[in-house]
$ cat protein.cif   # mmCIF, C-alpha atoms and all ligand atoms
data_work
#
loop_
_atom_site.label_atom_id
_atom_site.label_comp_id
_atom_site.auth_asym_id
_atom_site.auth_seq_id
_atom_site.Cartn_x
_atom_site.Cartn_y
_atom_site.Cartn_z
CA MET V 1 132.02 137.19 -2.60
CA TYR V 2 135.24 139.09 -1.84
CA SER V 3 133.94 140.85 1.24
CA PRO V 4 136.61 141.34 3.91
CA ASP V 5 134.42 139.25 6.21
CA TYR V 6 135.69 136.18 4.39
CA TYR V 7 139.22 136.56 5.69
CA PRO V 8 139.71 135.50 9.32
CA SER V 9 142.45 138.11 9.85
CA ASN V 10 140.01 140.87 8.93
CA ARG V 11 137.09 139.55 10.95
CA LYS V 12 137.60 141.48 14.19
CA GLU V 13 137.95 144.74 12.24
CA SER V 14 134.96 144.20 10.02
CA ASN V 15 132.75 143.03 12.88
CA LYS V 16 133.23 146.46 14.41
CA ARG V 17 132.45 148.34 11.24
CA VAL V 18 129.57 146.31 9.86
CA LYS V 19 126.76 145.91 12.33
CA MET V 20 124.75 143.02 10.92
CA ALA V 21 121.09 142.67 11.78
CA LYS V 22 120.58 139.58 13.91
CA SER V 23 118.72 136.83 12.13
CA LYS V 24 115.38 135.50 13.30
CA VAL V 25 115.71 131.88 14.38
CA LEU V 26 113.25 129.00 14.44
CA VAL V 27 114.14 125.97 16.54
CA VAL V 28 112.33 122.74 15.64
CA GLY V 29 112.82 120.33 18.53
CA GLY V 30 113.25 123.14 21.05
CA THR V 31 112.26 121.08 24.09
CA GLY V 32 114.81 118.34 23.46
CA TYR V 33 118.17 117.71 25.09
CA ILE V 34 120.19 120.01 22.82
CA GLY V 35 117.28 122.04 21.42
CA ARG V 36 116.39 123.62 24.77
CA ARG V 37 119.99 124.83 25.12
CA ILE V 38 119.94 126.22 21.59
CA VAL V 39 116.76 128.17 22.38
CA LYS V 40 118.49 129.58 25.47
CA ALA V 41 121.66 130.50 23.52
CA SER V 42 119.63 132.12 20.74
CA LEU V 43 117.81 134.32 23.25
CA ALA V 44 121.06 135.08 25.09
CA GLN V 45 122.76 136.19 21.87
CA GLY V 46 119.89 138.54 21.09
CA HIS V 47 118.15 136.73 18.26
CA GLU V 48 114.42 136.96 17.82
CA THR V 49 113.71 133.33 18.67
CA TYR V 50 110.82 131.16 17.55
CA VAL V 51 110.09 127.66 18.77
CA LEU V 52 107.79 125.22 17.00
CA GLN V 53 105.00 124.04 19.25
CA ARG V 54 103.81 120.80 17.71
CA GLU V 55 100.13 120.04 17.75
CA GLU V 56 101.04 116.48 18.73
CA ILE V 57 102.27 117.67 22.13
CA GLY V 58 99.05 116.36 23.70
CA LEU V 59 99.42 115.75 27.41
CA ASP V 60 103.19 116.08 27.57
CA ILE V 61 103.13 118.59 30.38
CA GLU V 62 106.92 118.76 30.75
CA LYS V 63 107.31 119.86 27.14
CA LEU V 64 104.43 122.28 27.33
CA GLN V 65 105.72 123.94 30.45
CA MET V 66 109.17 124.24 28.96
CA LEU V 67 107.66 125.96 25.92
CA LEU V 68 105.76 128.33 28.20
CA SER V 69 108.97 129.14 30.07
CA PHE V 70 110.66 129.96 26.74
CA LYS V 71 107.77 132.31 26.02
CA LYS V 72 108.30 133.98 29.39
CA GLN V 73 111.95 134.50 28.43
CA GLY V 74 110.92 136.22 25.20
CA ALA V 75 110.64 133.43 22.64
CA HIS V 76 107.68 133.21 20.28
CA LEU V 77 105.82 129.92 20.07
CA ILE V 78 104.60 128.94 16.62
CA GLU V 79 101.96 126.25 16.42
CA GLY V 80 102.42 123.72 13.67
CA SER V 81 102.26 120.07 12.74
CA PHE V 82 104.39 117.76 10.66
CA ASN V 83 101.11 116.44 9.28
CA ASP V 84 100.28 119.90 7.95
CA HIS V 85 102.77 121.03 5.28
CA LYS V 86 101.20 124.50 5.08
CA SER V 87 101.74 125.08 8.79
CA LEU V 88 105.45 124.26 8.41
CA VAL V 89 105.80 126.56 5.39
CA ALA V 90 104.08 129.36 7.33
CA ALA V 91 106.38 128.78 10.30
CA VAL V 92 109.64 128.88 8.35
CA LYS V 93 108.45 131.94 6.38
CA GLN V 94 108.59 133.96 9.60
CA VAL V 95 112.35 133.47 10.11
CA ASP V 96 115.80 133.66 8.48
CA VAL V 97 117.40 130.63 10.09
CA VAL V 98 115.96 127.19 10.90
CA ILE V 99 117.70 124.87 13.37
CA CYS V 100 116.39 121.33 13.64
CA THR V 101 117.24 119.41 16.80
CA ILE V 102 114.81 116.52 16.72
CA SER V 103 116.40 113.36 18.04
CA GLY V 104 117.79 110.84 15.61
CA VAL V 105 118.85 108.27 18.16
CA HIS V 106 115.75 107.84 20.26
CA PHE V 107 113.08 107.90 17.57
CA ARG V 108 114.75 106.29 14.63
CA SER V 109 113.47 106.57 11.04
CA HIS V 110 110.77 108.87 12.32
CA ASN V 111 113.49 111.51 12.39
CA LEU V 112 114.30 111.08 8.70
CA LEU V 113 110.67 111.53 7.67
CA LEU V 114 110.24 114.64 9.82
CA GLN V 115 113.46 116.23 8.61
CA ILE V 116 112.53 115.58 4.97
CA LYS V 117 109.16 117.23 5.59
CA LEU V 118 110.97 120.22 7.09
CA VAL V 119 113.35 120.41 4.10
CA ASP V 120 110.33 120.36 1.76
CA ALA V 121 108.75 123.23 3.67
CA ILE V 122 112.00 125.26 3.63
CA LYS V 123 112.34 124.62 -0.10
CA GLU V 124 108.81 125.83 -0.79
CA ALA V 125 109.08 128.87 1.50
CA GLY V 126 112.28 129.94 -0.29
CA ASN V 127 113.29 132.59 2.26
CA VAL V 128 115.56 130.66 4.63
CA LYS V 129 119.15 131.94 4.65
CA ARG V 130 120.57 129.08 6.72
CA PHE V 131 119.38 125.64 7.74
CA LEU V 132 121.08 123.53 10.39
CA PRO V 133 119.74 119.98 10.24
CA SER V 134 119.75 117.74 13.28
CA GLU V 135 123.34 116.47 13.49
CA PHE V 136 125.36 117.51 16.58
CA GLY V 137 127.31 114.27 16.94
CA MET V 138 129.91 112.50 14.81
CA ASP V 139 130.47 113.51 11.20
CA PRO V 140 128.09 111.23 9.28
CA SER V 141 130.06 111.79 6.06
CA ARG V 142 132.95 109.89 7.68
CA MET V 143 130.82 107.01 8.99
CA GLY V 144 130.16 105.13 5.77
CA HIS V 145 131.82 102.08 7.31
CA ALA V 146 129.88 102.25 10.62
CA LEU V 147 128.49 99.12 12.24
CA GLU V 148 124.86 98.03 12.27
CA PRO V 149 122.51 98.95 13.85
CA GLY V 150 124.10 102.25 14.94
CA ARG V 151 124.91 103.25 11.39
CA VAL V 152 121.25 103.99 10.60
CA SER V 153 121.38 107.46 12.15
CA PHE V 154 124.45 108.35 10.04
CA ASP V 155 122.83 107.02 6.87
CA GLU V 156 119.72 109.04 7.59
CA LYS V 157 121.68 112.20 8.24
CA MET V 158 123.33 111.73 4.84
CA VAL V 159 119.91 111.39 3.18
CA VAL V 160 118.86 114.67 4.81
CA ARG V 161 122.11 116.32 3.65
CA LYS V 162 121.45 115.23 0.08
CA ALA V 163 117.89 116.58 0.18
CA ILE V 164 119.19 119.93 1.49
CA GLU V 165 121.89 120.18 -1.16
CA ASP V 166 119.57 119.05 -3.99
CA ALA V 167 117.12 121.79 -2.98
CA ASN V 168 119.94 124.38 -2.89
CA ILE V 169 119.13 125.30 0.69
CA PRO V 170 121.99 127.19 2.41
CA PHE V 171 123.26 125.07 5.29
CA THR V 172 125.78 124.52 8.05
CA TYR V 173 126.40 121.05 9.45
CA VAL V 174 127.46 121.08 13.10
CA VAL V 175 129.69 118.24 14.28
CA ALA V 176 129.52 118.62 18.07
CA ASN V 177 131.21 115.34 19.05
CA CYS V 178 130.56 113.86 22.53
CA PHE V 179 128.05 115.62 24.77
CA ALA V 180 129.57 115.76 28.24
CA GLY V 181 126.37 114.61 29.96
CA TYR V 182 126.54 111.26 28.15
CA PHE V 183 130.31 110.82 27.95
CA VAL V 184 132.10 112.65 30.74
CA GLY V 185 130.20 112.46 34.04
CA ASN V 186 130.41 108.66 33.73
CA LEU V 187 134.06 108.64 32.57
CA SER V 188 132.61 107.21 29.32
CA GLN V 189 131.14 104.11 30.99
CA LEU V 190 128.20 102.78 28.99
CA GLY V 191 124.92 102.26 30.84
CA SER V 192 125.54 104.85 33.55
CA LEU V 193 125.51 108.62 33.84
CA THR V 194 127.52 109.03 37.04
CA PRO V 195 131.17 108.32 37.89
CA PRO V 196 132.06 104.71 38.69
CA LYS V 197 132.75 104.10 42.39
CA ASP V 198 135.47 101.47 42.17
CA LYS V 199 135.92 99.64 38.90
CA VAL V 200 136.30 101.44 35.61
CA HIS V 201 136.16 99.84 32.20
CA LEU V 202 138.83 101.10 29.89
CA TYR V 203 138.36 100.89 26.14
CA GLY V 204 141.49 99.05 25.05
CA ASP V 205 144.52 100.94 26.35
CA GLY V 206 142.37 104.04 26.92
CA ASN V 207 144.65 106.16 24.78
CA VAL V 208 142.43 106.97 21.81
CA LYS V 209 141.61 110.67 21.53
CA ALA V 210 137.96 111.77 21.60
CA VAL V 211 136.32 115.21 21.85
CA PHE V 212 134.09 116.18 24.77
CA MET V 213 131.78 119.19 24.78
CA GLU V 214 129.63 120.77 27.42
CA GLU V 215 126.15 121.08 25.92
CA ASP V 216 125.62 124.82 26.55
CA ASP V 217 128.91 125.47 24.75
CA VAL V 218 127.66 123.45 21.77
CA ALA V 219 124.58 125.69 21.75
CA THR V 220 126.67 128.88 22.04
CA TYR V 221 128.87 127.90 19.08
CA THR V 222 125.83 126.81 17.09
CA ILE V 223 124.18 130.22 17.46
CA LYS V 224 127.49 132.01 16.79
CA THR V 225 127.70 130.36 13.40
CA ILE V 226 124.23 131.03 11.98
CA ASP V 227 125.01 134.57 10.75
CA ASP V 228 128.62 133.85 9.86
CA PRO V 229 129.34 133.90 6.11
CA ILE V 230 132.45 131.79 6.68
CA THR V 231 130.48 128.68 7.63
CA LEU V 232 127.92 128.95 4.82
CA ASN V 233 127.55 125.56 3.14
CA LYS V 234 130.26 124.04 5.31
CA THR V 235 130.71 121.72 8.25
CA LEU V 236 131.50 123.39 11.56
CA TYR V 237 133.56 121.02 13.72
CA ILE V 238 133.45 121.81 17.42
CA ARG V 239 136.84 120.46 18.44
CA PRO V 240 138.53 122.85 20.88
CA PRO V 241 142.14 121.79 21.59
CA ASP V 242 141.80 121.48 25.38
CA ASN V 243 138.79 119.17 25.01
CA ILE V 244 140.56 116.59 22.85
CA LEU V 245 141.18 113.95 25.50
CA THR V 246 141.65 110.22 25.88
CA GLN V 247 139.54 108.15 28.25
CA SER V 248 142.68 107.70 30.41
CA GLN V 249 143.07 111.47 30.66
CA LEU V 250 139.42 111.80 31.74
CA ILE V 251 140.04 109.23 34.48
CA GLN V 252 143.19 111.09 35.59
CA ILE V 253 141.28 114.36 35.79
CA TRP V 254 138.65 112.65 37.95
CA GLU V 255 141.26 111.05 40.22
CA LYS V 256 142.95 114.41 40.71
CA LEU V 257 139.63 116.09 41.56
CA THR V 258 138.61 113.46 44.09
CA GLY V 259 142.13 112.80 45.40
CA LYS V 260 141.41 109.06 45.08
CA LYS V 261 142.78 106.47 42.71
CA LEU V 262 140.19 104.21 41.08
CA ASP V 263 141.81 100.90 41.88
CA LYS V 264 140.14 98.47 39.53
CA ILE V 265 140.80 99.54 35.98
CA ILE V 266 139.65 96.82 33.61
CA SER V 267 140.75 96.96 30.02
CA ILE V 268 138.21 95.62 27.50
CA SER V 269 139.44 94.36 24.16
CA ALA V 270 137.67 95.61 21.04
CA GLN V 271 136.47 92.08 20.40
CA ASP V 272 134.93 91.65 23.86
CA PHE V 273 133.37 95.07 23.68
CA LEU V 274 131.68 94.33 20.37
CA ALA V 275 130.55 90.95 21.65
CA SER V 276 128.62 92.75 24.40
CA MET V 277 126.03 93.69 21.77
CA GLU V 278 124.74 90.14 21.63
CA GLY V 279 121.27 89.63 23.04
CA MET V 280 120.97 93.27 24.10
CA ASP V 281 118.21 95.66 23.07
CA LEU V 282 118.49 97.94 20.07
CA ALA V 283 119.46 101.10 22.02
CA TRP V 284 122.34 99.25 23.65
CA GLN V 285 123.56 97.83 20.34
CA VAL V 286 123.45 101.30 18.79
CA ALA V 287 125.44 102.75 21.68
CA VAL V 288 128.05 99.97 21.64
CA GLY V 289 128.65 100.58 17.93
CA HIS V 290 129.02 104.32 18.48
CA PHE V 291 131.35 103.88 21.44
CA TYR V 292 133.41 101.41 19.42
CA HIS V 293 133.96 103.94 16.64
CA ILE V 294 134.80 106.70 19.10
CA PHE V 295 137.01 104.87 21.62
CA TYR V 296 138.67 102.10 19.61
CA GLU V 297 138.75 103.51 16.11
CA GLY V 298 139.20 107.17 17.06
CA CYS V 299 136.71 108.39 14.45
CA LEU V 300 136.37 111.84 16.05
CA THR V 301 140.06 112.71 15.77
CA ASN V 302 141.63 110.48 13.11
CA PHE V 303 141.33 113.19 10.47
CA GLU V 304 142.43 116.79 10.07
CA ILE V 305 139.80 119.45 9.59
CA GLY V 306 140.24 120.32 5.93
CA GLU V 307 140.66 123.69 4.22
CA GLU V 308 137.04 123.63 3.15
CA ASP V 309 135.67 123.31 6.70
CA GLU V 310 135.97 125.24 9.96
CA GLU V 311 136.67 124.63 13.66
CA ALA V 312 134.48 126.52 16.14
CA SER V 313 137.00 127.50 18.84
CA LYS V 314 139.30 128.95 16.17
CA LEU V 315 136.52 131.02 14.63
CA TYR V 316 134.91 132.19 17.86
CA THR V 317 137.87 132.75 20.15
CA GLU V 318 135.75 134.93 22.46
CA VAL V 319 133.82 131.85 23.69
CA GLU V 320 135.35 130.52 26.90
CA TYR V 321 134.48 126.88 26.50
CA THR V 322 134.21 124.59 29.49
CA ARG V 323 137.23 122.36 30.16
CA MET V 324 136.50 118.88 31.46
CA ASP V 325 138.31 119.39 34.80
CA GLU V 326 135.85 122.22 35.48
CA TYR V 327 132.93 120.17 34.16
CA LEU V 328 133.66 117.13 36.31
CA LYS V 329 133.55 119.19 39.52
CA ILE V 330 129.75 118.98 39.57
CA TYR V 331 130.05 115.20 40.00
CA THR V 332 132.28 115.32 43.08
C1 LIG V 401 125.13 109.27 21.60
C2 LIG V 401 124.57 106.48 25.24
C3 LIG V 401 125.21 106.49 26.47
C4 LIG V 401 123.65 105.48 25.01
C5 LIG V 401 127.14 110.66 18.73
C6 LIG V 401 123.34 104.51 25.99
C7 LIG V 401 125.06 109.88 17.82
C8 LIG V 401 126.28 110.48 17.62
C9 LIG V 401 129.27 111.46 19.48
O1 LIG V 401 121.88 109.00 22.95
O2 LIG V 401 124.61 105.80 20.92
O3 LIG V 401 125.49 105.46 28.67
O4 LIG V 401 128.33 111.26 18.48
O5 LIG V 401 123.72 103.59 28.17
O6 LIG V 401 126.67 110.92 16.39
C10 LIG V 401 123.87 107.75 23.16
C11 LIG V 401 124.43 107.96 21.77
C12 LIG V 401 124.94 107.52 24.20
C13 LIG V 401 123.04 108.93 23.62
C14 LIG V 401 125.36 106.84 21.41
C15 LIG V 401 125.53 109.64 20.19
C16 LIG V 401 126.75 110.22 19.98
C17 LIG V 401 124.70 109.47 19.09
C18 LIG V 401 124.91 105.53 27.45
C19 LIG V 401 123.97 104.53 27.21
C20 LIG V 401 126.25 106.50 29.07
#
$ encode --input "protein.cif" --output "structure tokens"
Amino acid sequence: MYSPDYYPSNRKESNKRVKMAKSKVLVVGGTGYIGRRIVKASLAQGHETYVLQREEIGLDIEKLQMLLSFKKQGAHLIEGSFNDHKSLVAAVKQVDVVICTISGVHFRSHNLLLQIKLVDAIKEAGNVKRFLPSEFGMDPSRMGHALEPGRVSFDEKMVVRKAIEDANIPFTYVVANCFAGYFVGNLSQLGSLTPPKDKVHLYGDGNVKAVFMEEDDVATYTIKTIDDPITLNKTLYIRPPDNILTQSQLIQIWEKLTGKKLDKIISISAQDFLASMEGMDLAWQVAVGHFYHIFYEGCLTNFEIGEEDEEASKLYTEVEYTRMDEYLKIYT
């Protein structure tokens, strides 16, 4: 309880003296967009790394070959199925830390069921020292007011949180904010993943602050935190100061890199932006709601990180996180 490790000022000292054994990590969702990077970071930071190989993989050759490449890099594949509770219990019994990265946006409601099954298995196994549920976006505890239909993923994350806490499972919730691949390369334009050529849509005046994170950095911070007593039963916000930027600042960075001004900058009112949901498919409606909360409301930055929670770049100052001017270079 009163170990010197708890006091940030003593951390450097104590890290030298106490050599902690590295935890064994299981990644569930290891072939996904963020999961594959977490597997890589876990191996890179010297953890014995396990990846669930779901029986349901079938003929998905991309996933299978990715799993085989993890094995080549030293990961252990554990076969299991969400339809076989015992196989999940056996899988989590082999490790100290479980990280779930199954998508909540692309396979809605399915995610909730799977995560609850995983929580049940962790509860029964009783050995897991830290569980990181699939979050890695906005803070769902601050999205109680979110718009339909995008709010579903926040509501589901809160149901998972309650199940974790009711079962007394040690946890860390990672709020990773905006993945650069979805929000930066396109200067935050919905419906595209590459920089706009001439006209850019600006959310309102473009001056609302958001937080942008390169995905490998999210994975690095995530693995840094799993053995850290400071983040036990807390939320880890990944909000490094240099990556708190407005959409206008992102555009300026891009213009500086390319040496060209984007001439047609079109401001969209909140009302017009929300109206663009009408008649669109579910994925689009979800995204519009999320973008609204981020770029009009400022939900990623309109609160201070409280005493009871932690910010990743402050805790792990040795991580040299990617700045967005560096990140955007790959798009030039
Ligand atoms: C990302 C997206 C970008 C969707 C979160 C469609 C949950 C979060 C920052 O899956 O709906 O064009 O926090 O055409 O908590 C998707 C969602 C973004 C990616 C937003 C997200 C962010 C989900 C698109 C598009 C670039």
$ residues_near_ligand --input "protein.cif" --ligand "ligand LIG 401 (chain V)" --cutoff "6 Å" --atoms "all atoms listed in the file" --output "compact mmCIF listing (two decimals) with C-alpha atoms, keeping the file's coordinate frame"
# COMPACT_ATOMS: atom_id res chain seq x y z
CA VAL V 105 118.85 108.27 18.16
CA GLY V 137 127.31 114.27 16.94
CA MET V 138 129.91 112.50 14.81
CA ASN V 177 131.21 115.34 19.05
CA CYS V 178 130.56 113.86 22.53
CA TYR V 182 126.54 111.26 28.15
CA GLN V 189 131.14 104.11 30.99
CA LEU V 190 128.20 102.78 28.99
CA GLY V 191 124.92 102.26 30.84
CA SER V 192 125.54 104.85 33.55
CA LEU V 193 125.51 108.62 33.84
CA TRP V 284 122.34 99.25 23.65
CA VAL V 286 123.45 101.30 18.79
CA ALA V 287 125.44 102.75 21.68
CA HIS V 290 129.02 104.32 18.48
$ atom_distance --input "protein.cif" --atom1 "CA of Glu304 in chain V" --atom2 "CA of Ala167 in chain V"
28.9 Å
$ residues_around --input "protein.cif" --residues "Val97 in chain V" --least-positions-apart "3" --cutoff "6 Å" --atoms "all atoms listed in the file" --output "MDAnalysis selection string"
chainID V and resid 25 128:131
$ write_last_selection --input "protein.cif" --atoms "C-alpha atoms" --output "PDB file, keeping the file's coordinate frame"
ATOM      1  CA  VAL V  25     115.710 131.880  14.380  1.00  0.00           C
ATOM      2  CA  VAL V 128     115.560 130.660   4.630  1.00  0.00           C
ATOM      3  CA  LYS V 129     119.150 131.940   4.650  1.00  0.00           C
ATOM      4  CA  ARG V 130     120.570 129.080   6.720  1.00  0.00           C
ATOM      5  CA  PHE V 131     119.380 125.640   7.740  1.00  0.00           C
TER       6      PHE V 131
END
$ closest_atom_pairs --input "protein.cif" --of "range 261-322 of chain V" --to "range 217-225 of chain V" --cutoff "9 Å" --atoms "all atoms listed in the file" --output "Markdown table"
| residue | atom | partner | partner_atom | distance |
| --- | --- | --- | --- | --- |
| V:Ala312 | CA | V:Tyr221 | CA | 6.5 |
| V:Ser313 | CA | V:Tyr221 | CA | 8.1 |
| V:Leu315 | CA | V:Thr225 | CA | 8.9 |
| V:Tyr316 | CA | V:Lys224 | CA | 7.5 |
| V:Val319 | CA | V:Tyr221 | CA | 7.8 |
| V:Glu320 | CA | V:Asp217 | CA | 8.5 |
| V:Tyr321 | CA | V:Asp217 | CA | 6.0 |
| V:Thr322 | CA | V:Asp217 | CA | 7.2 |
$ atom_distance --input "protein.cif" --atom1 "CA of Ala90 in chain V" --atom2 "CA of Asp120 in chain V"
12.3 Å
$ residues_around --input "protein.cif" --residues "His201 in chain V" --least-positions-apart "4" --cutoff "7 Å" --atoms "all atoms listed in the file" --output "list in words"
Gln189, Ile265, Ile266, Ser267 and Ile268 of chain V
$ closest_residue --input "protein.cif" --among "V:Glu55, V:Glu215, V:Glu278, V:Glu148" --to "Phe136 in chain V" --atoms "only C-alpha atoms"
V:Glu215
$ closest_residue --input "protein.cif" --among "V:Tyr50, V:Phe154, V:Phe183, V:Phe303" --to "Gly29 in chain V" --atoms "only C-alpha atoms"
V:Tyr50
$ residues_around --input "protein.cif" --residues "Asp309 in chain V" --least-positions-apart "5" --cutoff "9 Å" --atoms "all atoms listed in the file" --output "PyMOL selection string"
chain V and resi 231+234-237
$ atom_distance --input "protein.cif" --atom1 "CA of Glu56 in chain V" --atom2 "CA of Phe82 in chain V"
8.8 Å
$ closest_atom_pairs --input "protein.cif" --of "range 56-159 of chain V" --to "range 46-49 of chain V" --cutoff "8 Å" --atoms "all atoms listed in the file" --output "CSV"
residue,atom,partner,partner_atom,distance
V:Gly74,CA,V:Thr49,CA,7.7
V:Ala75,CA,V:Thr49,CA,5.0
V:His76,CA,V:Thr49,CA,6.2
$ closest_residue --input "protein.cif" --among "V:Thr246, V:Ser103, V:Ser87, V:Ser23" --to "Ser188 in chain V" --atoms "all atoms listed in the file"
V:Thr246
$ closest_residue --input "protein.cif" --among "V:Ile294, V:Asp228, V:Val159, V:Gly181" --to "Ala21 in chain V" --atoms "all atoms listed in the file"
V:Asp228
$ closest_residue --input "protein.cif" --among "V:His293, V:Lys63, V:Arg54, V:Lys40" --to "His145 in chain V" --atoms "all atoms listed in the file"
V:His293
$ closest_residue --input "protein.cif" --among "V:Pro240, V:Gly35, V:Pro196, V:Pro149" --to "Met66 in chain V" --atoms "all atoms listed in the file"
V:Gly35
$ residues_around --input "protein.cif" --residues "Val92 in chain V" --least-positions-apart "2" --cutoff "10 Å" --atoms "only C-alpha atoms" --output "ChimeraX atom specification"
/V:25-28,50,52,78,87-90,94-98,118,121-128
$ write_last_selection --input "protein.cif" --atoms "C-alpha atoms" --output "PDB file, in the frame of the given file"
ATOM      1  CA  VAL V  25     115.710 131.880  14.380  1.00  0.00           C
ATOM      2  CA  LEU V  26     113.250 129.000  14.440  1.00  0.00           C
ATOM      3  CA  VAL V  27     114.140 125.970  16.540  1.00  0.00           C
ATOM      4  CA  VAL V  28     112.330 122.740  15.640  1.00  0.00           C
ATOM      5  CA  TYR V  50     110.820 131.160  17.550  1.00  0.00           C
ATOM      6  CA  LEU V  52     107.790 125.220  17.000  1.00  0.00           C
ATOM      7  CA  ILE V  78     104.600 128.940  16.620  1.00  0.00           C
ATOM      8  CA  SER V  87     101.740 125.080   8.790  1.00  0.00           C
ATOM      9  CA  LEU V  88     105.450 124.260   8.410  1.00  0.00           C
ATOM     10  CA  VAL V  89     105.800 126.560   5.390  1.00  0.00           C
ATOM     11  CA  ALA V  90     104.080 129.360   7.330  1.00  0.00           C
ATOM     12  CA  GLN V  94     108.590 133.960   9.600  1.00  0.00           C
ATOM     13  CA  VAL V  95     112.350 133.470  10.110  1.00  0.00           C
ATOM     14  CA  ASP V  96     115.800 133.660   8.480  1.00  0.00           C
ATOM     15  CA  VAL V  97     117.400 130.630  10.090  1.00  0.00           C
ATOM     16  CA  VAL V  98     115.960 127.190  10.900  1.00  0.00           C
ATOM     17  CA  LEU V 118     110.970 120.220   7.090  1.00  0.00           C
ATOM     18  CA  ALA V 121     108.750 123.230   3.670  1.00  0.00           C
ATOM     19  CA  ILE V 122     112.000 125.260   3.630  1.00  0.00           C
ATOM     20  CA  LYS V 123     112.340 124.620  -0.100  1.00  0.00           C
ATOM     21  CA  GLU V 124     108.810 125.830  -0.790  1.00  0.00           C
ATOM     22  CA  ALA V 125     109.080 128.870   1.500  1.00  0.00           C
ATOM     23  CA  GLY V 126     112.280 129.940  -0.290  1.00  0.00           C
ATOM     24  CA  ASN V 127     113.290 132.590   2.260  1.00  0.00           C
ATOM     25  CA  VAL V 128     115.560 130.660   4.630  1.00  0.00           C
TER      26      VAL V 128
END
$ residues_around --input "protein.cif" --residues "Gln73 in chain V" --least-positions-apart "3" --cutoff "9 Å" --atoms "all atoms listed in the file" --output "MDAnalysis selection string"
chainID V and resid 40 43 68:70
$ write_last_selection --input "protein.cif" --atoms "C-alpha atoms" --output "PDB file, keeping the file's coordinate frame"
ATOM      1  CA  LYS V  40     118.490 129.580  25.470  1.00  0.00           C
ATOM      2  CA  LEU V  43     117.810 134.320  23.250  1.00  0.00           C
ATOM      3  CA  LEU V  68     105.760 128.330  28.200  1.00  0.00           C
ATOM      4  CA  SER V  69     108.970 129.140  30.070  1.00  0.00           C
ATOM      5  CA  PHE V  70     110.660 129.960  26.740  1.00  0.00           C
TER       6      PHE V  70
END
$ axis_aligned_box --input "protein.cif" --around "range 31-35 of chain V" --padding-each-side "4 Å" --output "JSON"
{"center_x": 116.2, "center_y": 119.9, "center_z": 23.3, "size_x": 15.9, "size_y": 12.3, "size_z": 11.7}
